[in-house]
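Presented below is the structure to which this report refers.
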Protein chains: 2
Amino acid sequence: MEQIAYVNGEYVPLSEAKVSVLDRGFLFADGIYEVAAVLDGKLIDNESHLARLERSVGEIKLRLPESLARIQEIQKELVKRNNVENGLVYLEVTRGADTGRDFAFPKNDVKPTLIMFTSVKDIVNAASAKSGINVITVPDIRWSRRDIKSVALLAQVLAKQAAAEAGAGEAWMIEDGKVTEGGSSSCFILTQDDVIVTRQNGSEILPGCTRKAVVKLAEERQLRVEERAFSVDEALAAKEAFITSASLFVQAVVSIDGKKVADGKPGPMTNRLREIYVDFARATAV
Amino acid sequence: MEQIAYVNGEYVPLSEAKVSVLDRGFLFADGIYEVAAVLDGKLIDNESHLARLERSVGEIKLRLPESLARIQEIQKELVKRNNVENGLVYLEVTRGADTGRDFAFPKNDVKPTLIMFTSVKDIVNAASAKSGINVITVPDIRWSRRDIKSVALLAQVLAKQAAAEAGAGEAWMIEDGKVTEGGSSSCFILTQDDVIVTRQNGSEILPGCTRKAVVKLAEERQLRVEERAFSVDEALAAKEAFITSASLFVQAVVSIDGKKVADGKPGPMTNRLREIYVDFARATAV
């Protein structure tokens, strides 16, 4: 059965889910997106994703065409219609399609575009969750407002394509000798003295929802967490390294640019945080 | 009569010109664009625009779905179908729509998307060509591959919106104390000793087609041209300042952040270069 997508108020087959060539998402990357994971048919940590959506659209003065409550209803309806047990819901809101192309915001009252679609993915049992992933490093060439979750993702596309070509699962982006974040994930290390380190939020990185949850869950368990930038050398000298994202949860990084992290296997802290996160995800899913 | 657009091989009414929500232009800003001016029904300096298109797609390893010769045929067909005497042809090529959303390039043979549409605009007789424009300055927050004419334009959207809100016609972007370029134009000054100065090409700016033509035309007329970065203070101390773009040709900048450039009126060199460019445009249009 063909998947159903949501486009501006309508539920349509994915093959008919289209936007105008004048849509500002298509012409200018003038849009914001979110990806929420689905586990056992329920949305994971969605409040956090919707809060971030609201923040991002606010930063670019883009009005949401629906309330957050209504957006969650649509997400759930789409999960139901597509019988998604495990997978993802992608949503994007753009500044809509005006009658022509002009960089400045539309002068007329153009309705923002809201689209959503789902995909099926066995997140919990992903092979890479057990094996860990290899990462490569690339220079971070992105703009300076990375805290905005915009669809202007070409730099990330190129970074993740470079990773794919190198047989790696993620690209860590480097700026001024420090790791900013992954192409679509937050980066963590566990130091030799058992401190969990992840870069502090700011305009240099996206405030990861899964990152935020993992930090909170770790702190609740009296684990030591430091929010600061770290270098690749520190990561290679660490006990463990891992990434977090909405679609990967917590995954071990077992090598960086071909060099092993510790013994090149997922470590116990990474596995523990993954279990803690999956428990949290199941317990709080809606 | 409704305008006709081109979408992947078909000529369709603009209201039906759509792309999939899975199009990588819409999801990732994974696409390149060009805008060519139309004067008296003919394309201006199009060879230069198509050469830049070919360069940009090459930089992101995106395959053009049609030859440059065929693209020009489509541009001309669209100009004809829409009876465009004076205006613009917009074209965008993206890495197409895969069956799902994955940052890395599609593994399957996904056909790139090619769309075009036109707009009517009296470029030669624009009011701002006579009055000149006011500009504001904003920090240049873009990524570091500005030589690629990608649709990841959110920073430019925000810059040009700030200009519009300030009643200005363009935003000059500033980095390390120097002007990089305008939100959608190249920047020039004429110094007190009659040197035309414009920033040298590199990854910091887009290699402007109109900029290139104007530099060549000026040099052919034994005018002194220097390609180097300049500051706003230098611009305010200059005899004249102006911008170039495909859709504006050459336009005087009469104030920067509310401060007059010279006497606050378009200067003779700007007017001369505009005339020279319009003559060149008419003589070489196809």
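Residues are referred to by chain and number: the chain letter is A, B, ... according to the order shown in the structure tokens, the number counts from 1 in that chain, and ligands are numbered separately from 1 in the order shown.
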For this session: Tell me, as a PyMOL selection string, which residues lie within 7 Å of segment 55-62 of chain B, counting only C-alpha atoms; anything in the same chain fewer than 5 positions away does not count.
Result: chain B and resi 32+95+148-149
Given the selection you just returned, output its residues as a file containing N, CA, C and O atoms, formatted as a PDB file, in the first residue's frame.
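What ended up in result.pdb:
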ATOM      1  N   ILE B  32      21.106  23.865  -7.423  1.00  0.00           N
ATOM      2  CA  ILE B  32      21.821  25.024  -7.972  1.00  0.00           C
ATOM      3  C   ILE B  32      20.829  25.826  -8.817  1.00  0.00           C
ATOM      4  O   ILE B  32      19.927  25.238  -9.424  1.00  0.00           O
ATOM      5  N   ARG B  95      19.139  17.576  -7.030  1.00  0.00           N
ATOM      6  CA  ARG B  95      19.552  16.172  -7.129  1.00  0.00           C
ATOM      7  C   ARG B  95      18.342  15.227  -7.146  1.00  0.00           C
ATOM      8  O   ARG B  95      18.477  14.035  -6.898  1.00  0.00           O
ATOM      9  N   ILE B 148      29.612  28.662  -4.847  1.00  0.00           N
ATOM     10  CA  ILE B 148      28.626  27.718  -5.395  1.00  0.00           C
ATOM     11  C   ILE B 148      27.258  28.394  -5.347  1.00  0.00           C
ATOM     12  O   ILE B 148      26.813  28.812  -4.275  1.00  0.00           O
ATOM     13  N   LYS B 149      26.591  28.478  -6.483  1.00  0.00           N
ATOM     14  CA  LYS B 149      25.301  29.182  -6.534  1.00  0.00           C
ATOM     15  C   LYS B 149      24.181  28.220  -6.137  1.00  0.00           C
ATOM     16  O   LYS B 149      23.336  27.834  -6.959  1.00  0.00           O
TER      17      LYS B 149
END
Each residue of chain A with at least one atom at most 7 Å from chain B should appear once, together with its nearest atom pair and the corresponding distance in Å (one decimal); atoms considered: only C-alpha atoms; ordering: chain, then increasing residue number; output as a tab-separated table.
residue	atom	partner	partner_atom	distance
A:Ala17	CA	B:Ser20	CA	5.9
A:Lys18	CA	B:Ser20	CA	4.3
A:Val19	CA	B:Lys18	CA	5.3
A:Ser20	CA	B:Lys18	CA	4.3
A:Val21	CA	B:Lys18	CA	5.1
A:Gly25	CA	B:Phe26	CA	5.4
A:Phe26	CA	B:Phe26	CA	4.3
A:Leu27	CA	B:Val151	CA	6.0
A:Phe28	CA	B:Leu153	CA	4.7
A:Ala29	CA	B:Ala152	CA	5.2
A:Asp30	CA	B:Leu154	CA	5.4
A:Phe103	CA	B:Val157	CA	4.9
A:Ala104	CA	B:Gln161	CA	4.4
A:Phe105	CA	B:Gln161	CA	6.2
A:Ile141	CA	B:Ser144	CA	5.3
A:Arg142	CA	B:Trp143	CA	4.4
A:Trp143	CA	B:Trp143	CA	4.0
A:Ser144	CA	B:Ile141	CA	5.3
A:Val151	CA	B:Phe28	CA	5.3
A:Ala152	CA	B:Ala152	CA	4.6
A:Leu153	CA	B:Phe28	CA	4.7
A:Leu154	CA	B:Asp30	CA	5.4
A:Val157	CA	B:Phe103	CA	4.9
A:Lys160	CA	B:Ala104	CA	5.4
A:Gln161	CA	B:Ala104	CA	4.3
A:Ala164	CA	B:Ala104	CA	6.8
Write the selection just made, keeping N, CA, C and O atoms, as a short mmCIF file (atom, residue, chain, number, x, y, z; two decimals), in the first residue's frame?
data_model
loop_
_atom_site.label_atom_id
_atom_site.label_comp_id
_atom_site.auth_asym_id
_atom_site.auth_seq_id
_atom_site.Cartn_x
_atom_site.Cartn_y
_atom_site.Cartn_z
N ALA A 17 2.29 13.87 -3.27
CA ALA A 17 2.63 14.89 -2.27
C ALA A 17 3.62 15.87 -2.88
O ALA A 17 4.81 15.56 -3.02
N LYS A 18 3.12 17.01 -3.28
CA LYS A 18 3.96 17.97 -4.01
C LYS A 18 3.80 19.38 -3.49
O LYS A 18 2.80 19.70 -2.85
N VAL A 19 4.80 20.18 -3.77
CA VAL A 19 4.73 21.61 -3.45
C VAL A 19 5.05 22.40 -4.71
O VAL A 19 5.69 21.89 -5.64
N SER A 20 4.61 23.63 -4.73
CA SER A 20 4.85 24.51 -5.88
C SER A 20 6.35 24.74 -6.09
O SER A 20 7.12 24.78 -5.12
N VAL A 21 6.75 24.94 -7.34
CA VAL A 21 8.15 25.32 -7.60
C VAL A 21 8.44 26.71 -7.02
O VAL A 21 9.60 27.09 -6.88
N GLY A 25 10.68 27.02 0.42
CA GLY A 25 11.55 25.93 0.84
C GLY A 25 12.40 25.44 -0.32
O GLY A 25 13.59 25.15 -0.16
N PHE A 26 11.81 25.39 -1.49
CA PHE A 26 12.48 24.91 -2.71
C PHE A 26 13.39 25.97 -3.32
O PHE A 26 14.44 25.67 -3.86
N LEU A 27 12.98 27.24 -3.26
CA LEU A 27 13.74 28.33 -3.89
C LEU A 27 14.86 28.88 -3.03
O LEU A 27 15.91 29.28 -3.53
N PHE A 28 14.62 28.91 -1.68
CA PHE A 28 15.54 29.65 -0.81
C PHE A 28 15.98 28.86 0.44
O PHE A 28 16.64 29.43 1.31
N ALA A 29 15.55 27.61 0.57
CA ALA A 29 15.78 26.88 1.84
C ALA A 29 15.22 27.69 3.00
O ALA A 29 15.77 27.67 4.11
N ASP A 30 14.12 28.37 2.74
CA ASP A 30 13.48 29.23 3.74
C ASP A 30 12.45 28.37 4.51
O ASP A 30 11.24 28.57 4.39
N PHE A 103 13.58 37.54 -2.60
CA PHE A 103 14.26 37.09 -1.38
C PHE A 103 13.53 37.51 -0.10
O PHE A 103 13.38 36.71 0.82
N ALA A 104 13.12 38.78 -0.05
CA ALA A 104 12.47 39.26 1.18
C ALA A 104 11.17 38.51 1.41
O ALA A 104 10.59 37.94 0.48
N PHE A 105 10.72 38.50 2.67
CA PHE A 105 9.49 37.77 3.02
C PHE A 105 8.34 38.27 2.15
O PHE A 105 8.29 39.45 1.78
N ILE A 141 31.98 23.73 7.37
CA ILE A 141 31.91 24.88 6.45
C ILE A 141 30.54 25.56 6.49
O ILE A 141 30.22 26.37 5.64
N ARG A 142 29.74 25.23 7.50
CA ARG A 142 28.37 25.75 7.54
C ARG A 142 28.27 27.22 7.94
O ARG A 142 29.24 27.82 8.39
N TRP A 143 27.08 27.75 7.83
CA TRP A 143 26.85 29.14 8.23
C TRP A 143 26.94 29.27 9.75
O TRP A 143 27.13 28.27 10.46
N SER A 144 26.78 30.48 10.25
CA SER A 144 27.03 30.66 11.69
C SER A 144 25.76 30.61 12.55
O SER A 144 25.83 30.90 13.73
N VAL A 151 16.37 23.96 6.55
CA VAL A 151 16.60 22.98 5.50
C VAL A 151 17.77 23.36 4.59
O VAL A 151 18.02 22.70 3.59
N ALA A 152 18.50 24.40 4.94
CA ALA A 152 19.71 24.78 4.18
C ALA A 152 20.83 23.80 4.58
O ALA A 152 21.72 24.13 5.34
N LEU A 153 20.73 22.57 4.06
CA LEU A 153 21.54 21.46 4.55
C LEU A 153 22.62 21.00 3.57
O LEU A 153 23.16 19.90 3.73
N LEU A 154 22.93 21.82 2.57
CA LEU A 154 23.86 21.34 1.55
C LEU A 154 25.23 20.96 2.14
O LEU A 154 25.83 19.96 1.74
N VAL A 157 24.87 17.59 3.57
CA VAL A 157 24.77 16.61 2.49
C VAL A 157 26.17 16.23 2.00
O VAL A 157 26.50 15.05 1.87
N LYS A 160 28.06 14.20 4.71
CA LYS A 160 27.59 12.83 4.87
C LYS A 160 27.83 11.99 3.61
O LYS A 160 28.01 10.78 3.71
N GLN A 161 27.89 12.65 2.46
CA GLN A 161 28.26 11.93 1.24
C GLN A 161 29.74 11.52 1.33
O GLN A 161 30.11 10.40 0.97
N ALA A 164 29.86 8.55 3.52
CA ALA A 164 29.37 7.36 2.82
C ALA A 164 30.44 6.82 1.87
O ALA A 164 30.68 5.60 1.81
#
Problem set entry | 7 Å contact set for segment 38-45 of chain A, only C-alpha atoms, chain neighbours under 6 positions out, as a count of residues only | 10
Problem set entry | Pairwise distance for atom CA of Ile74 of chain B and atom CA of Glu10 of chain B, rounded to one decimal in Å |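 So the two atoms, atom CA of Ile74 of chain B and atom CA of Glu10 of chain B, lie 10.1 Å apart.
Straight-line separation from atom CA of Ala229 of chain A to atom CA of Asp257 of chain A: 18.8 Å.
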Exercise. Contacts of Ala238 of chain B at 12 Å or less, counting only C-alpha atoms, minus same-chain residues fewer than 3 places along, as a list in words?
Worked result: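 Counting only the stated atoms, we get Phe188, Ile189, Leu190, Thr191, Gln192, Asp193, Asp194, Val195, Ile196, Val197, Phe230, Ser231, Val232, Asp233, Glu234, Ala235, Ala241, Phe242, Val253, Val254, Ser255, Ile256, Lys260, Val261, Ala262, Asp263, Gly264, Gly267 and Met269 of chain B.
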Problem set entry | Interatomic distance (Å, one decimal) between atom CA of Thr113 of chain B and atom CA of Lys111 of chain A |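 Spanning atom CA of Thr113 of chain B to atom CA of Lys111 of chain A is a straight-line distance of 25.0 Å.
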